[in-house]
$ cat final.csv   # CSV, C-alpha atoms
chain,number,residue,atom,x,y,z
D,1,MET,CA,-54.0,33.9,24.0
D,2,THR,CA,-55.9,34.0,20.7
D,3,LYS,CA,-57.8,31.0,19.2
D,4,ASP,CA,-55.1,30.6,16.5
D,5,HIS,CA,-52.4,30.6,19.2
D,6,SER,CA,-54.3,28.0,21.2
D,7,ARG,CA,-54.9,25.8,18.2
D,8,ASP,CA,-51.2,26.0,17.1
D,9,ALA,CA,-50.0,25.2,20.6
D,10,GLY,CA,-52.4,22.3,20.9
D,11,ARG,CA,-51.1,20.8,17.6
D,12,ILE,CA,-47.5,21.1,18.7
D,13,GLY,CA,-48.3,19.6,22.1
D,14,ILE,CA,-50.0,16.6,20.6
D,15,LEU,CA,-47.2,16.0,18.1
D,16,LEU,CA,-44.5,16.3,20.7
D,17,THR,CA,-46.4,13.9,23.0
D,18,VAL,CA,-46.5,11.4,20.1
D,19,VAL,CA,-42.7,11.9,19.6
D,20,LEU,CA,-42.0,11.2,23.3
D,21,VAL,CA,-44.2,8.1,23.3
D,22,ILE,CA,-42.4,6.7,20.2
D,23,LEU,CA,-39.0,7.4,21.7
D,24,THR,CA,-39.8,5.9,25.0
D,25,SER,CA,-41.4,2.7,23.6
D,26,ALA,CA,-38.7,2.3,21.0
D,27,ARG,CA,-36.0,1.9,23.6
D,28,LEU,CA,-37.5,-1.5,24.4
D,29,GLN,CA,-37.0,-2.9,20.9
D,30,VAL,CA,-34.1,-4.5,19.1
D,31,CYS,CA,-33.2,-3.7,15.5
D,32,ALA,CA,-32.1,-5.0,12.1
D,33,SER,CA,-32.6,-4.6,8.4
D,34,GLU,CA,-30.7,-6.2,5.5
D,35,ALA,CA,-27.2,-4.7,5.2
D,36,GLY,CA,-27.9,-2.8,8.4
D,37,THR,CA,-29.5,0.1,6.5
D,38,SER,CA,-32.9,1.3,5.4
D,39,ASN,CA,-34.4,2.7,2.2
D,40,TYR,CA,-35.2,6.0,3.9
D,41,LEU,CA,-32.1,8.0,5.0
D,42,PRO,CA,-32.8,9.1,8.6
D,43,GLY,CA,-32.2,12.8,9.0
D,44,PHE,CA,-33.0,13.7,5.5
D,45,GLN,CA,-35.7,16.2,6.5
D,46,ASP,CA,-35.1,19.2,8.7
D,47,THR,CA,-36.1,22.9,8.4
D,48,LEU,CA,-39.3,23.9,6.6
D,49,ALA,CA,-40.1,20.2,6.1
D,50,GLY,CA,-43.9,20.9,5.9
D,51,VAL,CA,-43.7,23.9,3.6
D,52,LEU,CA,-44.6,23.5,-0.1
D,53,PRO,CA,-43.1,26.5,-2.0
D,54,PRO,CA,-44.9,28.5,-4.7
D,55,PRO,CA,-45.2,27.2,-8.2
D,56,GLY,CA,-41.8,26.7,-9.8
D,57,THR,CA,-38.9,24.3,-10.2
D,58,TYR,CA,-36.5,23.8,-7.3
D,59,LEU,CA,-33.1,22.1,-6.7
D,60,LYS,CA,-31.9,20.9,-3.3
D,61,GLN,CA,-28.4,19.5,-3.3
D,62,TYR,CA,-27.1,17.5,-0.3
D,63,PHE,CA,-23.5,16.5,0.4
D,64,LEU,CA,-23.0,14.2,3.4
D,65,TYR,CA,-20.5,11.9,5.0
D,66,TYR,CA,-21.5,9.0,7.2
D,67,GLN,CA,-19.3,6.7,9.2
D,68,GLY,CA,-20.7,3.9,11.4
D,69,THR,CA,-20.1,0.5,12.8
D,70,VAL,CA,-22.3,-2.6,13.6
D,71,SER,CA,-21.6,-5.7,15.6
D,72,ARG,CA,-23.5,-8.2,13.3
D,73,THR,CA,-25.6,-7.8,10.2
D,74,VAL,CA,-26.6,-9.8,7.1
D,75,ALA,CA,-25.6,-8.5,3.7
D,76,GLU,CA,-25.6,-10.2,0.3
D,77,GLY,CA,-26.4,-13.5,2.2
D,78,ARG,CA,-23.4,-13.3,4.5
D,79,ILE,CA,-23.3,-12.7,8.3
D,80,GLN,CA,-20.9,-9.8,8.8
D,81,ALA,CA,-19.3,-9.0,12.1
D,82,ASP,CA,-17.6,-5.8,13.4
D,83,ALA,CA,-18.4,-4.1,10.1
D,84,LYS,CA,-17.4,-0.5,9.5
D,85,LEU,CA,-19.1,1.6,6.9
D,86,ARG,CA,-17.8,4.9,5.4
D,87,THR,CA,-20.0,6.6,2.9
D,88,PRO,CA,-19.6,10.1,1.3
D,89,ALA,CA,-22.7,10.8,-0.8
D,90,SER,CA,-24.3,13.4,-3.1
D,91,LEU,CA,-28.1,13.6,-3.3
D,92,SER,CA,-29.7,15.8,-5.9
D,93,VAL,CA,-33.4,16.5,-5.3
D,94,PHE,CA,-35.5,18.1,-8.1
D,95,SER,CA,-39.0,19.2,-7.5
D,96,HIS,CA,-41.6,21.0,-9.6
D,97,VAL,CA,-44.7,22.7,-8.1
D,98,THR,CA,-47.4,23.2,-10.7
D,99,LYS,CA,-50.3,25.7,-10.8
D,100,SER,CA,-52.8,22.8,-10.9
D,101,LYS,CA,-54.9,22.4,-7.8
D,102,VAL,CA,-55.6,19.1,-6.0
D,103,LEU,CA,-57.6,19.1,-2.7
D,104,GLY,CA,-56.9,22.8,-2.2
D,105,SER,CA,-53.1,22.3,-2.8
D,106,ASN,CA,-50.8,23.0,-5.7
D,107,TYR,CA,-49.9,19.6,-7.2
D,108,ALA,CA,-46.2,18.9,-7.1
D,109,PHE,CA,-43.8,16.0,-7.9
D,110,GLY,CA,-40.2,15.3,-7.3
D,111,LEU,CA,-37.1,13.1,-8.1
D,112,LEU,CA,-34.1,12.2,-5.9
D,113,ILE,CA,-30.9,11.0,-7.5
D,114,PRO,CA,-28.2,9.7,-5.1
D,115,VAL,CA,-24.5,9.0,-6.0
D,116,LEU,CA,-22.3,7.5,-3.3
D,117,LYS,CA,-19.0,5.8,-2.5
D,118,ALA,CA,-19.4,3.1,0.1
D,119,ARG,CA,-16.4,1.5,1.8
D,120,LEU,CA,-17.1,-1.5,4.0
D,121,SER,CA,-14.7,-3.5,6.1
D,122,GLY,CA,-15.0,-6.2,8.8
D,123,THR,CA,-15.1,-10.0,9.1
D,124,ILE,CA,-17.3,-12.7,7.6
D,125,GLU,CA,-18.6,-15.2,10.1
D,126,SER,CA,-20.7,-17.3,7.7
D,127,PRO,CA,-20.8,-19.0,5.2
D,128,GLY,CA,-17.3,-20.6,5.3
D,129,PRO,CA,-14.4,-19.9,7.6
D,130,VAL,CA,-14.0,-16.5,9.4
D,131,ARG,CA,-12.1,-14.1,7.2
D,132,SER,CA,-11.6,-10.3,6.9
D,133,PHE,CA,-12.6,-8.0,4.1
D,134,ASP,CA,-12.2,-4.4,3.0
D,135,LYS,CA,-14.2,-3.4,-0.1
D,136,SER,CA,-15.4,-0.2,-1.7
D,137,MET,CA,-18.0,0.6,-4.4
D,138,THR,CA,-18.8,3.9,-6.2
D,139,GLY,CA,-22.0,4.4,-8.2
D,140,LEU,CA,-25.6,5.4,-8.6
D,141,GLY,CA,-27.8,4.6,-5.6
D,142,ASP,CA,-31.5,3.9,-5.6
D,143,ILE,CA,-33.5,6.7,-7.2
D,144,VAL,CA,-36.6,8.0,-5.4
D,145,ILE,CA,-39.6,9.2,-7.4
D,146,SER,CA,-42.3,11.3,-5.7
D,147,PRO,CA,-45.3,11.3,-8.1
D,148,ILE,CA,-47.7,13.0,-5.6
D,149,VAL,CA,-46.7,15.9,-3.4
D,150,LEU,CA,-49.4,18.2,-1.8
D,151,GLY,CA,-49.1,21.0,0.7
D,152,TRP,CA,-51.4,23.3,2.7
D,153,HIS,CA,-50.8,26.6,4.5
D,154,ASN,CA,-52.9,27.7,7.5
D,155,GLY,CA,-51.3,30.8,9.1
D,156,ARG,CA,-48.2,29.7,11.0
D,157,SER,CA,-49.0,26.0,10.4
D,158,HIS,CA,-47.9,24.2,7.2
D,159,THR,CA,-48.4,20.6,6.2
D,160,LEU,CA,-47.1,18.5,3.3
D,161,ALA,CA,-48.1,15.0,2.2
D,162,GLN,CA,-46.3,12.9,-0.3
D,163,PHE,CA,-46.2,9.4,-1.8
D,164,ALA,CA,-42.7,8.1,-2.8
D,165,VAL,CA,-41.4,5.1,-4.7
D,166,TYR,CA,-37.8,3.7,-4.2
D,167,VAL,CA,-36.5,2.3,-7.4
D,168,PRO,CA,-33.7,-0.3,-7.2
D,169,THR,CA,-31.4,1.5,-9.7
D,170,GLY,CA,-28.3,1.2,-7.7
D,171,ASN,CA,-25.5,-1.1,-8.7
D,172,TYR,CA,-26.0,-4.5,-7.1
D,173,ASN,CA,-24.4,-7.9,-7.2
D,174,VAL,CA,-24.9,-10.5,-4.6
D,175,GLN,CA,-21.4,-11.8,-5.0
D,176,ARG,CA,-19.9,-8.4,-3.8
D,177,PHE,CA,-19.4,-7.4,-0.2
D,178,VAL,CA,-20.7,-3.9,-0.8
D,179,ASN,CA,-23.1,-2.3,-3.3
D,180,SER,CA,-24.4,1.1,-4.1
D,181,GLY,CA,-28.1,-0.1,-4.1
D,182,LEU,CA,-30.3,-2.3,-1.9
D,183,ASN,CA,-31.9,-4.3,-4.7
D,184,ARG,CA,-35.4,-3.9,-3.4
D,185,TRP,CA,-38.4,-1.8,-4.3
D,186,ALA,CA,-40.1,0.2,-1.5
D,187,ILE,CA,-43.0,2.6,-1.2
D,188,GLU,CA,-43.4,5.4,1.4
D,189,PHE,CA,-46.1,7.6,2.8
D,190,ASP,CA,-45.1,10.9,4.4
D,191,TYR,CA,-47.0,13.7,6.3
D,192,TRP,CA,-44.8,16.6,7.4
D,193,TYR,CA,-45.6,19.5,9.7
D,194,THR,CA,-43.9,22.9,10.1
D,195,PHE,CA,-44.8,25.6,12.7
D,196,LEU,CA,-43.2,28.9,11.8
D,197,ASP,CA,-43.9,32.1,13.6
D,198,PRO,CA,-42.5,35.0,11.5
D,199,LYS,CA,-42.8,37.4,14.5
D,200,THR,CA,-40.7,35.4,17.0
D,201,GLY,CA,-38.6,33.4,14.5
D,202,VAL,CA,-39.5,30.2,16.3
D,203,GLU,CA,-39.7,27.1,14.0
D,204,VAL,CA,-40.6,23.5,14.8
D,205,ASP,CA,-40.6,20.7,12.2
D,206,LEU,CA,-41.9,17.2,12.5
D,207,ALA,CA,-41.6,14.8,9.5
D,208,PRO,CA,-43.0,11.4,10.1
D,209,GLY,CA,-43.2,8.7,7.4
D,210,TYR,CA,-43.9,5.0,6.9
D,211,THR,CA,-41.8,2.9,4.5
D,212,ILE,CA,-42.8,-0.5,3.1
D,213,PRO,CA,-39.8,-2.4,1.6
D,214,PHE,CA,-40.3,-5.4,-0.7
D,215,VAL,CA,-38.3,-8.5,-1.1
D,216,ASN,CA,-34.7,-8.6,-2.3
D,217,SER,CA,-35.2,-11.5,-4.7
D,218,ASP,CA,-31.5,-12.3,-4.9
D,219,THR,CA,-31.2,-13.1,-1.2
D,220,ASP,CA,-34.9,-13.8,-0.3
D,221,TYR,CA,-34.7,-11.2,2.4
D,222,THR,CA,-37.6,-8.9,3.2
D,223,SER,CA,-36.7,-6.1,5.5
D,224,GLY,CA,-39.3,-5.0,8.0
D,225,GLN,CA,-41.6,-2.0,7.5
D,226,GLU,CA,-40.3,1.2,8.9
D,227,PHE,CA,-41.6,4.2,10.8
D,228,HIS,CA,-39.3,7.2,10.8
D,229,LEU,CA,-39.5,10.6,12.3
D,230,ASP,CA,-37.2,13.5,11.5
D,231,PHE,CA,-37.5,16.7,13.6
D,232,ALA,CA,-36.0,20.1,14.0
D,233,ALA,CA,-36.4,23.0,16.4
D,234,LEU,CA,-34.7,26.3,15.7
D,235,LYS,CA,-34.7,30.1,16.1
D,236,ARG,CA,-34.6,32.4,13.1
D,237,PHE,CA,-32.9,35.8,13.4
D,238,PRO,CA,-33.3,39.0,11.5
D,239,ASN,CA,-29.9,38.6,9.8
D,240,LYS,CA,-31.2,35.5,7.9
D,241,LEU,CA,-29.3,33.2,10.2
D,242,ALA,CA,-31.0,30.4,12.1
D,243,ALA,CA,-29.7,27.8,14.6
D,244,GLY,CA,-31.1,24.9,16.6
D,245,LEU,CA,-31.3,21.2,16.9
D,246,THR,CA,-32.2,18.4,14.5
D,247,GLY,CA,-32.5,14.7,14.8
D,248,TYR,CA,-34.5,11.6,14.1
D,249,ALA,CA,-36.0,8.3,15.3
D,250,TRP,CA,-36.2,5.2,13.1
D,251,GLN,CA,-38.1,2.1,14.2
D,252,GLN,CA,-39.0,-1.1,12.4
D,253,VAL,CA,-42.6,-1.9,12.9
D,254,THR,CA,-42.6,-5.5,11.5
D,255,SER,CA,-39.8,-8.1,11.6
D,256,ASP,CA,-37.4,-9.1,8.9
D,257,SER,CA,-38.5,-12.2,7.1
D,258,GLY,CA,-37.5,-14.7,4.4
D,259,SER,CA,-34.8,-17.4,4.3
D,260,GLY,CA,-32.2,-14.8,3.9
D,261,ALA,CA,-33.0,-13.2,7.3
D,262,ARG,CA,-30.4,-15.4,9.0
D,263,LEU,CA,-30.3,-13.4,12.3
D,264,GLY,CA,-34.0,-14.1,12.8
D,265,PRO,CA,-37.2,-12.1,12.9
D,266,ILE,CA,-35.8,-9.1,14.6
D,267,LYS,CA,-36.8,-5.4,14.4
D,268,GLY,CA,-34.6,-2.3,14.0
D,269,ARG,CA,-34.2,1.1,15.5
D,270,VAL,CA,-31.8,4.1,15.6
D,271,PHE,CA,-31.9,7.6,17.1
D,272,GLY,CA,-29.9,10.7,16.1
D,273,LEU,CA,-29.5,14.2,17.4
D,274,GLY,CA,-27.2,17.2,16.6
D,275,PRO,CA,-26.9,20.9,15.9
D,276,LEU,CA,-28.2,22.7,12.8
D,277,VAL,CA,-27.3,26.1,11.3
D,278,THR,CA,-29.0,27.6,8.2
D,279,TYR,CA,-28.5,30.9,6.3
D,280,ASP,CA,-30.4,32.5,3.5
D,281,ALA,CA,-28.2,34.4,1.0
D,282,LEU,CA,-29.3,36.6,-1.9
D,283,VAL,CA,-27.2,35.9,-5.0
D,284,GLY,CA,-28.5,38.1,-7.8
D,285,ASP,CA,-32.2,37.7,-7.9
D,286,ALA,CA,-32.1,34.2,-6.4
D,287,ILE,CA,-32.3,33.2,-2.7
D,288,ILE,CA,-30.0,30.4,-1.8
D,289,THR,CA,-30.4,28.6,1.5
D,290,LEU,CA,-27.4,26.9,3.0
D,291,THR,CA,-27.8,24.4,5.8
D,292,ALA,CA,-25.2,22.5,7.8
D,293,LYS,CA,-25.8,19.9,10.5
D,294,TYR,CA,-23.9,17.2,12.4
D,295,ILE,CA,-25.8,14.2,13.8
D,296,THR,CA,-24.7,11.6,16.3
D,297,GLU,CA,-26.6,8.3,16.5
D,298,PHE,CA,-27.3,6.4,19.7
D,299,GLY,CA,-29.6,3.6,21.0
D,300,THR,CA,-28.8,1.3,18.1
D,301,LYS,CA,-28.6,-2.5,17.8
D,302,TYR,CA,-27.9,-4.7,14.8
D,303,ARG,CA,-27.8,-1.7,12.6
D,304,PHE,CA,-25.0,0.7,11.8
D,305,GLN,CA,-24.5,3.4,14.4
D,306,GLY,CA,-22.2,6.4,13.8
D,307,ASN,CA,-22.1,10.1,12.9
D,308,SER,CA,-23.0,12.1,9.8
D,309,GLY,CA,-22.1,15.5,8.6
D,310,TRP,CA,-24.4,17.3,6.1
D,311,LEU,CA,-24.2,20.3,3.9
D,312,GLU,CA,-27.3,21.3,2.0
D,313,LEU,CA,-28.0,23.9,-0.7
D,314,ALA,CA,-31.4,24.9,-1.9
D,315,VAL,CA,-32.3,27.2,-4.8
D,316,ALA,CA,-35.2,28.0,-7.1
D,317,LEU,CA,-34.2,27.3,-10.8
$ encode --input "final.csv" --output "structure tokens"
Amino acid sequence: MTKDHSRDAGRIGILLTVVLVILTSARLQVCASEAGTSNYLPGFQDTLAGVLPPPGTYLKQYFLYYQGTVSRTVAEGRIQADAKLRTPASLSVFSHVTKSKVLGSNYAFGLLIPVLKARLSGTIESPGPVRSFDKSMTGLGDIVISPIVLGWHNGRSHTLAQFAVYVPTGNYNVQRFVNSGLNRWAIEFDYWYTFLDPKTGVEVDLAPGYTIPFVNSDTDYTSGQEFHLDFAALKRFPNKLAAGLTGYAWQQVTSDSGSGARLGPIKGRVFGLGPLVTYDALVGDAIITLTAKYITEFGTKYRFQGNSGWLELAVAL
């Protein structure tokens, strides 16, 4: 085995060990977050997570449908029970990689624009008498700005670091049962890794990140800080088709707080796992990458648990 092979294998071994430790320890936790959701969308990253493309402008379009349930959560100041959430969504991600160099990397920046339709049903336990509800909301979600994105390439290993800001642009009214935004700012630090062997077609992606939400001033609810890890392992074939597994682990590191956190200072978690298929198609002079995945969630408490189907399209503009 060459030095490069040993170094790559060592890096993968360390990262996989970290993953197993996190998954094992997270099983001992309970979970929560205002509205039973997080700023970061678990499962967002998958194949080639750590690869920064050459200078240019890129579009990645996501279409997804999520359906989940939760036994109890707090949203808009109300304790909701047996709630069911159904959310089709469209996420448009624009990124631009410049020719300017920063720390040996091309400097890049990005923007994510979500549009969603959320339908929420269940019962209200408090305040007031127990009553049922079934409400829906369509609109712009919370925009994510990535002002700093950097990436490095070292043979078969690729790493990408970014700083992101969640802007509360989504429609929000504390009097409604369901909203398209979370009404809170948040910042995030990500450091993603991709191992890709062009000879064997083996690819492993690990995309950890740390999100710090700020207070929802309308409800005095501060959701706990979040560690999230998306991952993928797949095999690429000569016919441009690839298949494998993808998933995630999401864990609150600090407890919810504020007078609006009526379920107490609890922490959150969720896990997901499912199949992934991707295909590179040549349309004219452009390479379009199509990715489909289906993820089933498990090991969840006080947070929505369900299933999601994803269809992704990536193209250089």
$ closest_residue --input "final.csv" --among "D:Gly201, D:Leu103, D:Gln251, D:Phe227" --to "Asn239 in chain D" --atoms "only C-alpha atoms"
D:Gly201
$ closest_residue --input "final.csv" --among "D:Lys199, D:Ala49, D:Val178, D:Pro55" --to "Ser100 in chain D" --atoms "all atoms listed in the file"
D:Pro55
$ residues_around --input "final.csv" --residues "range 285-293 of chain D" --least-positions-apart "4" --cutoff "6 Å" --atoms "all atoms listed in the file" --output "PDB file with C-alpha atoms, in the coordinates of the input"
ATOM      1  CA  PRO D 275     -26.900  20.900  15.900  1.00  0.00           C
ATOM      2  CA  LEU D 276     -28.200  22.700  12.800  1.00  0.00           C
ATOM      3  CA  VAL D 277     -27.300  26.100  11.300  1.00  0.00           C
ATOM      4  CA  THR D 278     -29.000  27.600   8.200  1.00  0.00           C
ATOM      5  CA  TYR D 279     -28.500  30.900   6.300  1.00  0.00           C
ATOM      6  CA  ASP D 280     -30.400  32.500   3.500  1.00  0.00           C
ATOM      7  CA  ALA D 281     -28.200  34.400   1.000  1.00  0.00           C
ATOM      8  CA  TRP D 310     -24.400  17.300   6.100  1.00  0.00           C
ATOM      9  CA  LEU D 311     -24.200  20.300   3.900  1.00  0.00           C
ATOM     10  CA  GLU D 312     -27.300  21.300   2.000  1.00  0.00           C
ATOM     11  CA  LEU D 313     -28.000  23.900  -0.700  1.00  0.00           C
ATOM     12  CA  ALA D 314     -31.400  24.900  -1.900  1.00  0.00           C
ATOM     13  CA  VAL D 315     -32.300  27.200  -4.800  1.00  0.00           C
TER      14      VAL D 315
END
$ atom_distance --input "final.csv" --atom1 "CA of Thr211 in chain D" --atom2 "CA of Ala316 in chain D"
28.4 Å
$ closest_residue --input "final.csv" --among "D:Val283, D:Leu48, D:Ala249, D:Ala89" --to "Trp192 in chain D" --atoms "only C-alpha atoms"
D:Leu48
$ closest_residue --input "final.csv" --among "D:Asn39, D:Ala118, D:Val167, D:Phe94" --to "Gln67 in chain D" --atoms "only C-alpha atoms"
D:Ala118
$ closest_residue --input "final.csv" --among "D:Leu112, D:Val102, D:Leu59, D:Val174" --to "Ile148 in chain D" --atoms "all atoms listed in the file"
D:Val102
$ closest_residue --input "final.csv" --among "D:Gly122, D:Gln305, D:Leu52, D:Thr222" --to "Leu182 in chain D" --atoms "all atoms listed in the file"
D:Thr222
$ atom_distance --input "final.csv" --atom1 "CA of Val270 in chain D" --atom2 "CA of Thr254 in chain D"
15.0 Å
$ atom_distance --input "final.csv" --atom1 "CA of Asn179 in chain D" --atom2 "CA of Thr138 in chain D"
8.1 Å
$ residues_around --input "final.csv" --residues "Ser92 in chain D" --least-positions-apart "5" --cutoff "9 Å" --atoms "all atoms listed in the file" --output "ChimeraX atom specification"
/D:59-63,111-115
$ decode --input "final.csv" --residues "range 168-196 of chain D" --atoms "N, CA and C atoms" --output "short mmCIF file (atom, residue, chain, number, x, y, z; two decimals), in the first residue's frame"
data_model
loop_
_atom_site.label_atom_id
_atom_site.label_comp_id
_atom_site.auth_asym_id
_atom_site.auth_seq_id
_atom_site.Cartn_x
_atom_site.Cartn_y
_atom_site.Cartn_z
N PRO D 168 -34.34 34.97 8.46
CA PRO D 168 -35.77 34.67 8.66
C PRO D 168 -36.68 35.40 7.68
N THR D 169 -36.59 35.00 6.41
CA THR D 169 -37.38 35.62 5.35
C THR D 169 -38.73 34.93 5.16
N GLY D 170 -38.91 33.76 5.77
CA GLY D 170 -40.15 33.01 5.60
C GLY D 170 -41.33 33.72 6.25
N ASN D 171 -42.50 33.47 5.70
CA ASN D 171 -43.72 34.06 6.23
C ASN D 171 -44.00 33.50 7.61
N TYR D 172 -44.21 34.40 8.59
CA TYR D 172 -44.40 33.94 9.97
C TYR D 172 -45.40 34.84 10.69
N ASN D 173 -46.31 34.21 11.40
CA ASN D 173 -47.26 34.92 12.24
C ASN D 173 -47.56 34.01 13.43
N VAL D 174 -47.29 34.51 14.64
CA VAL D 174 -47.42 33.67 15.82
C VAL D 174 -48.87 33.22 16.04
N GLN D 175 -49.83 33.89 15.43
CA GLN D 175 -51.24 33.52 15.57
C GLN D 175 -51.61 32.32 14.71
N ARG D 176 -50.76 31.98 13.70
CA ARG D 176 -51.07 30.85 12.81
C ARG D 176 -50.57 29.54 13.40
N PHE D 177 -51.15 28.45 12.98
CA PHE D 177 -50.73 27.13 13.43
C PHE D 177 -49.52 26.61 12.65
N VAL D 178 -49.34 27.10 11.43
CA VAL D 178 -48.24 26.64 10.59
C VAL D 178 -47.70 27.83 9.81
N ASN D 179 -46.38 27.88 9.64
CA ASN D 179 -45.73 28.98 8.93
C ASN D 179 -44.69 28.42 7.97
N SER D 180 -44.27 29.25 7.02
CA SER D 180 -43.24 28.83 6.07
C SER D 180 -41.84 29.21 6.53
N GLY D 181 -41.73 29.93 7.66
CA GLY D 181 -40.43 30.30 8.21
C GLY D 181 -40.39 30.03 9.71
N LEU D 182 -39.18 30.04 10.28
CA LEU D 182 -39.00 29.75 11.70
C LEU D 182 -38.85 31.01 12.55
N ASN D 183 -38.76 32.18 11.91
CA ASN D 183 -38.70 33.45 12.63
C ASN D 183 -37.49 33.54 13.56
N ARG D 184 -36.37 32.99 13.12
CA ARG D 184 -35.15 33.11 13.92
C ARG D 184 -33.93 33.11 13.00
N TRP D 185 -32.95 33.93 13.37
CA TRP D 185 -31.67 33.91 12.68
C TRP D 185 -30.86 32.71 13.17
N ALA D 186 -29.91 32.28 12.34
CA ALA D 186 -28.99 31.23 12.76
C ALA D 186 -27.72 31.34 11.93
N ILE D 187 -26.62 30.89 12.50
CA ILE D 187 -25.35 30.81 11.76
C ILE D 187 -24.87 29.37 11.79
N GLU D 188 -24.04 29.03 10.81
CA GLU D 188 -23.61 27.64 10.68
C GLU D 188 -22.17 27.56 10.16
N PHE D 189 -21.45 26.57 10.68
CA PHE D 189 -20.09 26.28 10.25
C PHE D 189 -20.06 24.84 9.74
N ASP D 190 -19.58 24.65 8.50
CA ASP D 190 -19.54 23.33 7.87
C ASP D 190 -18.13 22.99 7.42
N TYR D 191 -17.78 21.70 7.51
CA TYR D 191 -16.51 21.22 6.98
C TYR D 191 -16.75 19.83 6.42
N TRP D 192 -16.78 19.72 5.08
CA TRP D 192 -17.22 18.50 4.41
C TRP D 192 -16.04 17.81 3.73
N TYR D 193 -16.13 16.48 3.68
CA TYR D 193 -15.04 15.67 3.13
C TYR D 193 -15.57 14.66 2.11
N THR D 194 -14.85 14.52 1.01
CA THR D 194 -15.17 13.52 0.00
C THR D 194 -13.92 12.72 -0.35
N PHE D 195 -14.02 11.41 -0.27
CA PHE D 195 -13.00 10.51 -0.81
C PHE D 195 -13.54 9.94 -2.10
N LEU D 196 -12.81 10.13 -3.19
CA LEU D 196 -13.26 9.65 -4.50
C LEU D 196 -12.08 9.03 -5.24
#
